[in-house]
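Okay, structure10.tsv now, which holds TSV, C-alpha atoms:
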chain	number	residue	atom	x	y	z
S	1	MET	CA	0.00	0.00	0.00
S	2	GLU	CA	2.83	2.38	0.89
S	3	GLY	CA	4.51	1.63	-2.45
S	4	LEU	CA	1.30	2.43	-4.33
S	5	MET	CA	0.96	5.73	-2.48
S	6	SER	CA	4.54	6.68	-3.32
S	7	ALA	CA	3.97	5.82	-6.97
S	8	ALA	CA	0.77	7.88	-7.00
S	9	VAL	CA	2.52	10.89	-5.48
S	10	ALA	CA	5.36	10.56	-7.97
S	11	PHE	CA	2.87	10.43	-10.85
S	12	ILE	CA	1.05	13.52	-9.60
S	13	LEU	CA	4.29	15.48	-9.27
S	14	LEU	CA	5.46	14.35	-12.71
S	15	HIS	CA	2.10	15.21	-14.27
S	16	ALA	CA	2.06	18.61	-12.57
S	17	HIS	CA	5.53	19.40	-13.92
S	18	PHE	CA	4.65	18.52	-17.50
S	19	SER	CA	1.21	20.17	-17.40
S	20	VAL	CA	2.97	23.46	-16.63
S	21	ALA	CA	5.77	23.17	-19.16
S	22	GLU	CA	4.05	21.46	-22.09
S	23	ARG	CA	1.44	23.27	-24.18
S	24	ILE	CA	0.24	23.46	-27.71
S	25	TRP	CA	1.09	26.93	-28.93
S	26	SER	CA	-1.21	28.13	-31.69
S	27	LYS	CA	0.97	31.05	-32.80
S	28	HIS	CA	4.68	31.16	-33.63
S	29	GLU	CA	7.07	33.84	-34.84
S	30	ILE	CA	10.76	33.45	-35.64
S	31	LEU	CA	11.86	36.93	-34.67
S	32	ASP	CA	15.37	37.14	-36.14
S	33	HIS	CA	16.81	36.35	-39.57
S	34	ASP	CA	19.00	33.49	-38.31
S	35	SER	CA	16.24	31.64	-36.41
S	36	GLN	CA	17.99	32.16	-33.08
S	37	PHE	CA	15.01	33.62	-31.21
S	38	THR	CA	11.45	32.27	-31.38
S	39	LEU	CA	8.24	33.51	-29.77
S	40	SER	CA	5.27	31.16	-29.35
S	41	TRP	CA	1.95	32.00	-27.70
S	42	ASN	CA	-1.77	31.44	-27.43
S	43	PRO	CA	-4.00	34.52	-27.90
S	44	LYS	CA	-6.45	33.23	-25.26
S	45	LEU	CA	-6.11	34.02	-21.58
S	46	ASP	CA	-6.29	31.44	-18.81
S	47	ALA	CA	-9.02	31.33	-16.17
S	48	GLU	CA	-7.19	33.88	-14.01
S	49	GLY	CA	-6.71	36.35	-16.85
S	50	TYR	CA	-3.05	35.60	-17.61
S	51	PHE	CA	-1.48	35.64	-21.07
S	52	HIS	CA	0.95	32.74	-21.61
S	53	PHE	CA	3.85	32.64	-24.04
S	54	SER	CA	7.15	30.88	-24.66
S	55	LEU	CA	10.55	32.32	-25.54
S	56	ARG	CA	13.26	30.17	-27.12
S	57	ALA	CA	16.78	31.35	-27.89
S	58	VAL	CA	20.03	29.69	-28.88
S	59	THR	CA	22.19	31.11	-26.11
S	60	LYS	CA	24.15	29.94	-23.11
S	61	GLY	CA	23.52	33.30	-21.48
S	62	TYR	CA	20.44	35.45	-21.09
S	63	LEU	CA	17.39	36.20	-23.22
S	64	GLY	CA	15.29	39.34	-23.00
S	65	PHE	CA	11.84	40.21	-24.27
S	66	GLY	CA	9.54	43.14	-23.77
S	67	LEU	CA	7.08	45.75	-24.88
S	68	SER	CA	8.17	49.12	-26.24
S	69	ASP	CA	6.13	51.93	-27.78
S	70	THR	CA	9.25	53.16	-29.60
S	71	GLY	CA	10.79	49.83	-30.64
S	72	THR	CA	13.88	50.66	-28.57
S	73	MET	CA	15.00	50.15	-24.98
S	74	ALA	CA	13.83	53.63	-24.03
S	75	GLY	CA	10.50	53.36	-22.21
S	76	SER	CA	10.38	49.56	-22.47
S	77	ASP	CA	8.78	47.01	-20.16
S	78	LEU	CA	11.03	43.91	-20.06
S	79	VAL	CA	11.53	40.42	-18.79
S	80	VAL	CA	15.04	38.94	-18.69
S	81	ALA	CA	15.86	35.28	-17.95
S	82	TRP	CA	19.03	33.23	-17.71
S	83	PRO	CA	20.14	29.80	-16.41
S	84	GLU	CA	22.35	29.75	-13.35
S	85	LYS	CA	25.33	27.39	-13.03
S	86	ASN	CA	23.43	25.39	-10.39
S	87	GLY	CA	20.57	24.74	-12.83
S	88	ASN	CA	18.15	27.30	-11.44
S	89	ILE	CA	16.48	29.77	-13.78
S	90	THR	CA	16.47	33.46	-12.88
S	91	VAL	CA	13.64	35.60	-14.25
S	92	MET	CA	13.66	39.33	-13.62
S	93	ASP	CA	11.00	41.97	-14.32
S	94	MET	CA	12.83	45.04	-15.64
S	95	TYR	CA	12.31	48.38	-17.34
S	96	ALA	CA	14.41	50.94	-19.17
S	97	SER	CA	13.77	54.67	-19.13
S	98	GLN	CA	16.47	55.19	-21.79
S	99	ASN	CA	18.66	53.17	-24.14
S	100	GLY	CA	21.13	51.17	-22.08
S	101	LEU	CA	21.07	48.54	-19.34
S	102	PRO	CA	17.60	48.17	-17.77
S	103	ARG	CA	16.70	48.35	-14.10
S	104	GLN	CA	14.77	45.88	-11.97
S	105	ASP	CA	11.11	46.67	-11.42
S	106	ALA	CA	9.99	46.77	-7.79
S	107	HIS	CA	6.91	44.68	-8.65
S	108	ASN	CA	7.29	41.40	-10.53
S	109	ASP	CA	4.64	40.96	-13.25
S	110	TRP	CA	6.28	38.24	-15.37
S	111	HIS	CA	5.86	34.74	-13.91
S	112	LEU	CA	7.92	31.68	-14.84
S	113	LYS	CA	5.73	28.65	-15.66
S	114	GLY	CA	8.27	26.29	-17.19
S	115	SER	CA	11.81	26.16	-18.53
S	116	SER	CA	14.45	24.02	-20.19
S	117	PHE	CA	18.13	24.50	-20.94
S	118	ASN	CA	20.42	22.24	-22.96
S	119	ARG	CA	24.01	23.04	-22.04
S	120	LYS	CA	25.35	21.14	-25.06
S	121	THR	CA	23.28	22.91	-27.74
S	122	GLY	CA	22.75	26.16	-25.85
S	123	ILE	CA	18.99	26.07	-26.46
S	124	PHE	CA	17.24	27.95	-23.66
S	125	GLN	CA	13.45	28.11	-23.38
S	126	VAL	CA	11.12	29.68	-20.81
S	127	THR	CA	7.35	29.70	-20.51
S	128	LEU	CA	6.03	32.88	-18.90
S	129	ALA	CA	2.72	34.47	-17.93
S	130	ARG	CA	1.60	38.00	-17.18
S	131	ARG	CA	-1.61	39.98	-17.03
S	132	LEU	CA	-2.56	42.30	-19.88
S	133	ALA	CA	-2.92	45.44	-17.80
S	134	ALA	CA	-0.03	47.57	-16.55
S	135	TYR	CA	0.57	47.31	-12.79
S	136	ASP	CA	2.68	50.45	-12.34
S	137	ASP	CA	4.33	53.27	-14.27
S	138	ASN	CA	7.15	50.98	-15.39
S	139	ASP	CA	4.77	48.56	-17.14
S	140	LEU	CA	3.15	48.68	-20.55
S	141	PRO	CA	-0.18	46.97	-21.27
S	142	ILE	CA	-0.73	44.25	-23.85
S	143	ASN	CA	-3.46	45.79	-26.00
S	144	GLU	CA	-5.54	44.43	-28.84
S	145	GLY	CA	-4.09	45.27	-32.20
S	146	PRO	CA	-0.40	45.26	-33.14
S	147	VAL	CA	1.98	45.84	-30.23
S	148	GLN	CA	5.64	46.71	-30.52
S	149	ILE	CA	7.86	44.02	-29.02
S	150	ILE	CA	11.63	43.97	-28.62
S	151	TYR	CA	13.97	41.06	-27.97
S	152	ALA	CA	17.65	40.36	-27.37
S	153	TRP	CA	20.03	37.66	-26.19
S	154	GLY	CA	23.55	37.59	-24.87
S	155	LYS	CA	26.35	35.14	-24.05
S	156	ALA	CA	26.76	36.01	-20.38
S	157	ARG	CA	24.61	34.80	-17.48
S	158	ALA	CA	24.21	38.39	-16.44
S	159	LEU	CA	23.11	41.53	-18.17
S	160	GLU	CA	25.53	42.97	-20.64
S	161	HIS	CA	25.20	44.84	-23.91
S	162	HIS	CA	23.91	42.47	-26.57
S	163	GLY	CA	25.50	44.20	-29.54
S	164	THR	CA	23.77	45.13	-32.77
S	165	LYS	CA	23.15	41.66	-34.22
S	166	GLN	CA	21.57	39.92	-31.23
S	167	ARG	CA	18.52	42.14	-30.86
S	168	GLY	CA	15.50	43.29	-32.80
S	169	ALA	CA	11.98	44.72	-32.80
S	170	ARG	CA	8.71	43.59	-34.36
S	171	LYS	CA	5.05	44.58	-34.37
S	172	ILE	CA	2.82	41.61	-33.56
S	173	ASN	CA	-0.89	41.25	-32.83
S	174	LEU	CA	-0.79	39.01	-29.75
S	175	LEU	CA	-4.50	38.93	-28.95
S	176	ARG	CA	-5.98	37.75	-32.24
S	177	ASP	CA	-6.68	34.13	-33.09
S	178	SER	CA	-6.10	32.52	-36.48
S	179	ASN	CA	-9.52	33.70	-37.71
S	180	GLY	CA	-8.72	37.31	-36.90
S	181	SER	CA	-11.26	37.57	-34.06
S	182	ALA	CA	-10.54	38.86	-30.57
S	183	ALA	CA	-9.51	36.00	-28.31
S	184	ALA	CA	-8.70	37.53	-24.95
S	185	SER	CA	-11.73	36.17	-23.06
S	186	SER	CA	-11.30	32.39	-23.40
S	187	ALA	CA	-9.43	30.30	-20.84
S	188	LEU	CA	-8.79	27.01	-22.69
S	189	PHE	CA	-5.25	25.63	-22.91
S	190	LEU	CA	-4.42	22.24	-24.43
S	191	MET	CA	-1.61	20.31	-22.78
S	192	SER	CA	0.62	18.18	-24.99
S	193	VAL	CA	4.16	17.78	-26.27
S	194	PRO	CA	5.46	21.21	-27.33
S	195	VAL	CA	5.35	22.03	-31.00
S	196	LEU	CA	8.88	23.34	-30.58
S	197	LEU	CA	10.21	19.90	-29.66
S	198	SER	CA	11.62	19.52	-33.15
S	199	PHE	CA	13.78	22.59	-32.56
S	200	MET	CA	15.00	21.24	-29.25
S	201	LYS	CA	16.46	18.15	-30.99
S	202	ARG	CA	18.86	20.20	-33.12
Could I get this file's structure written as structure tokens?
Amino acid sequence: MEGLMSAAVAFILLHAHFSVAERIWSKHEILDHDSQFTLSWNPKLDAEGYFHFSLRAVTKGYLGFGLSDTGTMAGSDLVVAWPEKNGNITVMDMYASQNGLPRQDAHNDWHLKGSSFNRKTGIFQVTLARRLAAYDDNDLPINEGPVQIIYAWGKARALEHHGTKQRGARKINLLRDSNGSAAASSALFLMSVPVLLSFMKR
């Protein structure tokens, strides 16, 4: 009986881990010309009103992603993540009032839901969630219609300047489904093996 209970607990923990990390993403964008940085997301919110998305970069250092009205660091609302040497993943809510290194936001609005890091290939992926509305003056809302996003990645496990080739900006409509209709009110997520698994095997 004790063995059965242990097996049941192990199954629950294993299932909980994969239910967080594994999703079917309905939308994908390769953000850079060399396919080093990929954004995947579902336009629909979960039951608690959170928007979920996945960032994948070929880097053994950090990746950064955010919203910016100007398409630059100035005035941007950012999330930065990197793998620590001990295997932990650090995720930091940040902002930048001008072009240059960002600062940490006092209130964390970007929540880590899953992650993976392959030290051999350097493929780093995080699944994150945040609400659409801005919490404070350092945040930008995710609105319907095209929003300006920025992204970057670097070799170090700490913030440093990413250079001119490892960054970019795009305008993407995050809250529209494949039929072009608003999709921010639904809460359905399908759990399965990630569509990006093929990339992870490179």
Which residue is closest to Met94 in chain S? Choose from S:Asn138, S:Ser116, S:Asn42, S:Ser54 and count all atoms listed in the file. S:Asn138
Could you list, as a short mmCIF file (atom, residue, chain, number, x, y, z; two decimals) with C-alpha atoms, in the frame of the given file, every residue within 6 Å of Ala74 in chain S, counting all atoms listed in the file and ignoring same-chain residues fewer than 4 positions away?
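Saved file out10.cif follows:
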data_model
loop_
_atom_site.label_atom_id
_atom_site.label_comp_id
_atom_site.auth_asym_id
_atom_site.auth_seq_id
_atom_site.Cartn_x
_atom_site.Cartn_y
_atom_site.Cartn_z
CA ALA S 96 14.41 50.94 -19.17
CA SER S 97 13.77 54.67 -19.13
CA GLN S 98 16.47 55.19 -21.79
CA ASN S 99 18.66 53.17 -24.14
#
So the first atom is CA of Tyr151 in chain S and the second is CA of Glu48 in chain S; what is the distance between them in Å, to one decimal place? 26.3 Å
Å distance separating CA of Tyr62 in chain S from CA of Lys155 in chain S, one decimal place: 6.6 Å
Spatial neighbours of Trp110 in chain S, 7 Å, all atoms listed in the file, chain gap at least 4 places, as a PyMOL selection string: chain S and resi 79+93+128-130
Selected residues written out, C-alpha atoms, as a CSV table (one decimal), in the frame of the given file:
chain,number,residue,atom,x,y,z
S,79,VAL,CA,11.5,40.4,-18.8
S,93,ASP,CA,11.0,42.0,-14.3
S,128,LEU,CA,6.0,32.9,-18.9
S,129,ALA,CA,2.7,34.5,-17.9
S,130,ARG,CA,1.6,38.0,-17.2
Measuring atom to atom with only C-alpha atoms, identify which of S:Gly87, S:Leu31, S:Trp25, S:Phe117 is nearest to Lys44 in chain S.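 Looking at the shortest contact to Lys44 in chain S, the residue is S:Trp25.
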For Leu63 in chain S, which residue out of S:Gln36, S:Asn88, S:Asn108, S:Thr121 is the nearest one, using only C-alpha atoms? S:Gln36
Taking (17.8, 32.1, -25.3) in the file's coordinates, which residues come within 9 Å, counting only C-alpha atoms, written as a list in words?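 I get Gln36, Phe37, Thr38, Leu55, Arg56, Ala57, Val58, Thr59, Lys60, Gly61, Tyr62, Leu63, Gly64, Ala81, Trp82, Phe117, Gly122, Ile123, Phe124, Gln125, Val126, Ala152, Trp153 and Gly154 of chain S for the residues within 9 Å of that point.
Proximity to Glu29 in chain S at 10 Å, evaluated using only C-alpha atoms and with sequence-adjacent residues fewer than 4 positions away removed, yields Ser35, Phe37, Thr38, Leu39, Ser40, Trp41, Arg170 and Ile172 of chain S.
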Quick one: pull the distance between CA of Gly145 in chain S and CA of Leu67 in chain S, Å, one decimal.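 Between CA of Gly145 in chain S and CA of Leu67 in chain S the gap is 13.4 Å.
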Rebuild range 105-134 of chain S to N, CA and C atoms - output it as a PDB file, in the frame of the given file, please.
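Listing of result.pdb after writing:
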ATOM      1  N   ASP S 105      12.370  46.108 -11.867  1.00  0.00           N
ATOM      2  CA  ASP S 105      11.110  46.670 -11.420  1.00  0.00           C
ATOM      3  C   ASP S 105      10.834  46.213  -9.992  1.00  0.00           C
ATOM      4  N   ALA S 106      10.287  47.103  -9.189  1.00  0.00           N
ATOM      5  CA  ALA S 106       9.990  46.770  -7.790  1.00  0.00           C
ATOM      6  C   ALA S 106       8.887  45.720  -7.675  1.00  0.00           C
ATOM      7  N   HIS S 107       8.009  45.651  -8.677  1.00  0.00           N
ATOM      8  CA  HIS S 107       6.910  44.680  -8.650  1.00  0.00           C
ATOM      9  C   HIS S 107       7.072  43.716  -9.814  1.00  0.00           C
ATOM     10  N   ASN S 108       7.106  42.420  -9.502  1.00  0.00           N
ATOM     11  CA  ASN S 108       7.290  41.400 -10.530  1.00  0.00           C
ATOM     12  C   ASN S 108       5.967  41.043 -11.196  1.00  0.00           C
ATOM     13  N   ASP S 109       5.871  41.252 -12.515  1.00  0.00           N
ATOM     14  CA  ASP S 109       4.640  40.960 -13.250  1.00  0.00           C
ATOM     15  C   ASP S 109       4.808  39.829 -14.259  1.00  0.00           C
ATOM     16  N   TRP S 110       6.018  39.324 -14.424  1.00  0.00           N
ATOM     17  CA  TRP S 110       6.280  38.240 -15.370  1.00  0.00           C
ATOM     18  C   TRP S 110       6.571  36.976 -14.562  1.00  0.00           C
ATOM     19  N   HIS S 111       5.777  35.927 -14.753  1.00  0.00           N
ATOM     20  CA  HIS S 111       5.860  34.740 -13.910  1.00  0.00           C
ATOM     21  C   HIS S 111       6.339  33.533 -14.709  1.00  0.00           C
ATOM     22  N   LEU S 112       7.361  32.857 -14.189  1.00  0.00           N
ATOM     23  CA  LEU S 112       7.920  31.680 -14.840  1.00  0.00           C
ATOM     24  C   LEU S 112       6.996  30.485 -14.625  1.00  0.00           C
ATOM     25  N   LYS S 113       6.616  29.814 -15.724  1.00  0.00           N
ATOM     26  CA  LYS S 113       5.730  28.650 -15.660  1.00  0.00           C
ATOM     27  C   LYS S 113       6.411  27.361 -16.107  1.00  0.00           C
ATOM     28  N   GLY S 114       7.540  27.474 -16.746  1.00  0.00           N
ATOM     29  CA  GLY S 114       8.270  26.290 -17.190  1.00  0.00           C
ATOM     30  C   GLY S 114       9.557  26.717 -17.860  1.00  0.00           C
ATOM     31  N   SER S 115      10.532  25.809 -17.918  1.00  0.00           N
ATOM     32  CA  SER S 115      11.810  26.160 -18.530  1.00  0.00           C
ATOM     33  C   SER S 115      12.573  24.917 -18.925  1.00  0.00           C
ATOM     34  N   SER S 116      13.514  25.083 -19.845  1.00  0.00           N
ATOM     35  CA  SER S 116      14.450  24.020 -20.190  1.00  0.00           C
ATOM     36  C   SER S 116      15.721  24.663 -20.721  1.00  0.00           C
ATOM     37  N   PHE S 117      16.851  23.992 -20.456  1.00  0.00           N
ATOM     38  CA  PHE S 117      18.130  24.500 -20.940  1.00  0.00           C
ATOM     39  C   PHE S 117      19.030  23.328 -21.272  1.00  0.00           C
ATOM     40  N   ASN S 118      19.507  23.279 -22.501  1.00  0.00           N
ATOM     41  CA  ASN S 118      20.420  22.240 -22.960  1.00  0.00           C
ATOM     42  C   ASN S 118      21.820  22.838 -23.025  1.00  0.00           C
ATOM     43  N   ARG S 119      22.673  22.453 -22.105  1.00  0.00           N
ATOM     44  CA  ARG S 119      24.010  23.040 -22.040  1.00  0.00           C
ATOM     45  C   ARG S 119      24.845  22.707 -23.281  1.00  0.00           C
ATOM     46  N   LYS S 120      24.571  21.558 -23.898  1.00  0.00           N
ATOM     47  CA  LYS S 120      25.350  21.140 -25.060  1.00  0.00           C
ATOM     48  C   LYS S 120      25.003  21.983 -26.286  1.00  0.00           C
ATOM     49  N   THR S 121      23.714  22.162 -26.549  1.00  0.00           N
ATOM     50  CA  THR S 121      23.280  22.910 -27.740  1.00  0.00           C
ATOM     51  C   THR S 121      23.109  24.396 -27.476  1.00  0.00           C
ATOM     52  N   GLY S 122      22.971  24.770 -26.185  1.00  0.00           N
ATOM     53  CA  GLY S 122      22.750  26.160 -25.850  1.00  0.00           C
ATOM     54  C   GLY S 122      21.331  26.624 -26.081  1.00  0.00           C
ATOM     55  N   ILE S 123      20.389  25.688 -26.241  1.00  0.00           N
ATOM     56  CA  ILE S 123      18.990  26.070 -26.460  1.00  0.00           C
ATOM     57  C   ILE S 123      18.322  26.310 -25.113  1.00  0.00           C
ATOM     58  N   PHE S 124      17.844  27.507 -24.918  1.00  0.00           N
ATOM     59  CA  PHE S 124      17.240  27.950 -23.660  1.00  0.00           C
ATOM     60  C   PHE S 124      15.798  28.362 -23.946  1.00  0.00           C
ATOM     61  N   GLN S 125      14.866  27.826 -23.177  1.00  0.00           N
ATOM     62  CA  GLN S 125      13.450  28.110 -23.380  1.00  0.00           C
ATOM     63  C   GLN S 125      12.755  28.363 -22.055  1.00  0.00           C
ATOM     64  N   VAL S 126      11.918  29.387 -22.010  1.00  0.00           N
ATOM     65  CA  VAL S 126      11.120  29.680 -20.810  1.00  0.00           C
ATOM     66  C   VAL S 126       9.674  29.900 -21.219  1.00  0.00           C
ATOM     67  N   THR S 127       8.779  29.428 -20.369  1.00  0.00           N
ATOM     68  CA  THR S 127       7.350  29.700 -20.510  1.00  0.00           C
ATOM     69  C   THR S 127       6.958  30.685 -19.421  1.00  0.00           C
ATOM     70  N   LEU S 128       6.331  31.789 -19.822  1.00  0.00           N
ATOM     71  CA  LEU S 128       6.030  32.880 -18.900  1.00  0.00           C
ATOM     72  C   LEU S 128       4.548  33.260 -18.979  1.00  0.00           C
ATOM     73  N   ALA S 129       4.096  33.966 -17.960  1.00  0.00           N
ATOM     74  CA  ALA S 129       2.720  34.470 -17.930  1.00  0.00           C
ATOM     75  C   ALA S 129       2.710  35.852 -17.303  1.00  0.00           C
ATOM     76  N   ARG S 130       1.828  36.691 -17.793  1.00  0.00           N
ATOM     77  CA  ARG S 130       1.600  38.000 -17.180  1.00  0.00           C
ATOM     78  C   ARG S 130       0.198  38.476 -17.540  1.00  0.00           C
ATOM     79  N   ARG S 131      -0.309  39.401 -16.735  1.00  0.00           N
ATOM     80  CA  ARG S 131      -1.610  39.980 -17.030  1.00  0.00           C
ATOM     81  C   ARG S 131      -1.477  41.013 -18.148  1.00  0.00           C
ATOM     82  N   LEU S 132      -2.598  41.343 -18.773  1.00  0.00           N
ATOM     83  CA  LEU S 132      -2.560  42.300 -19.880  1.00  0.00           C
ATOM     84  C   LEU S 132      -2.355  43.724 -19.392  1.00  0.00           C
ATOM     85  N   ALA S 133      -2.958  44.061 -18.270  1.00  0.00           N
ATOM     86  CA  ALA S 133      -2.920  45.440 -17.800  1.00  0.00           C
ATOM     87  C   ALA S 133      -1.576  45.790 -17.178  1.00  0.00           C
ATOM     88  N   ALA S 134      -1.238  47.068 -17.197  1.00  0.00           N
ATOM     89  CA  ALA S 134      -0.030  47.570 -16.550  1.00  0.00           C
ATOM     90  C   ALA S 134      -0.265  47.687 -15.052  1.00  0.00           C
TER      91      ALA S 134
END
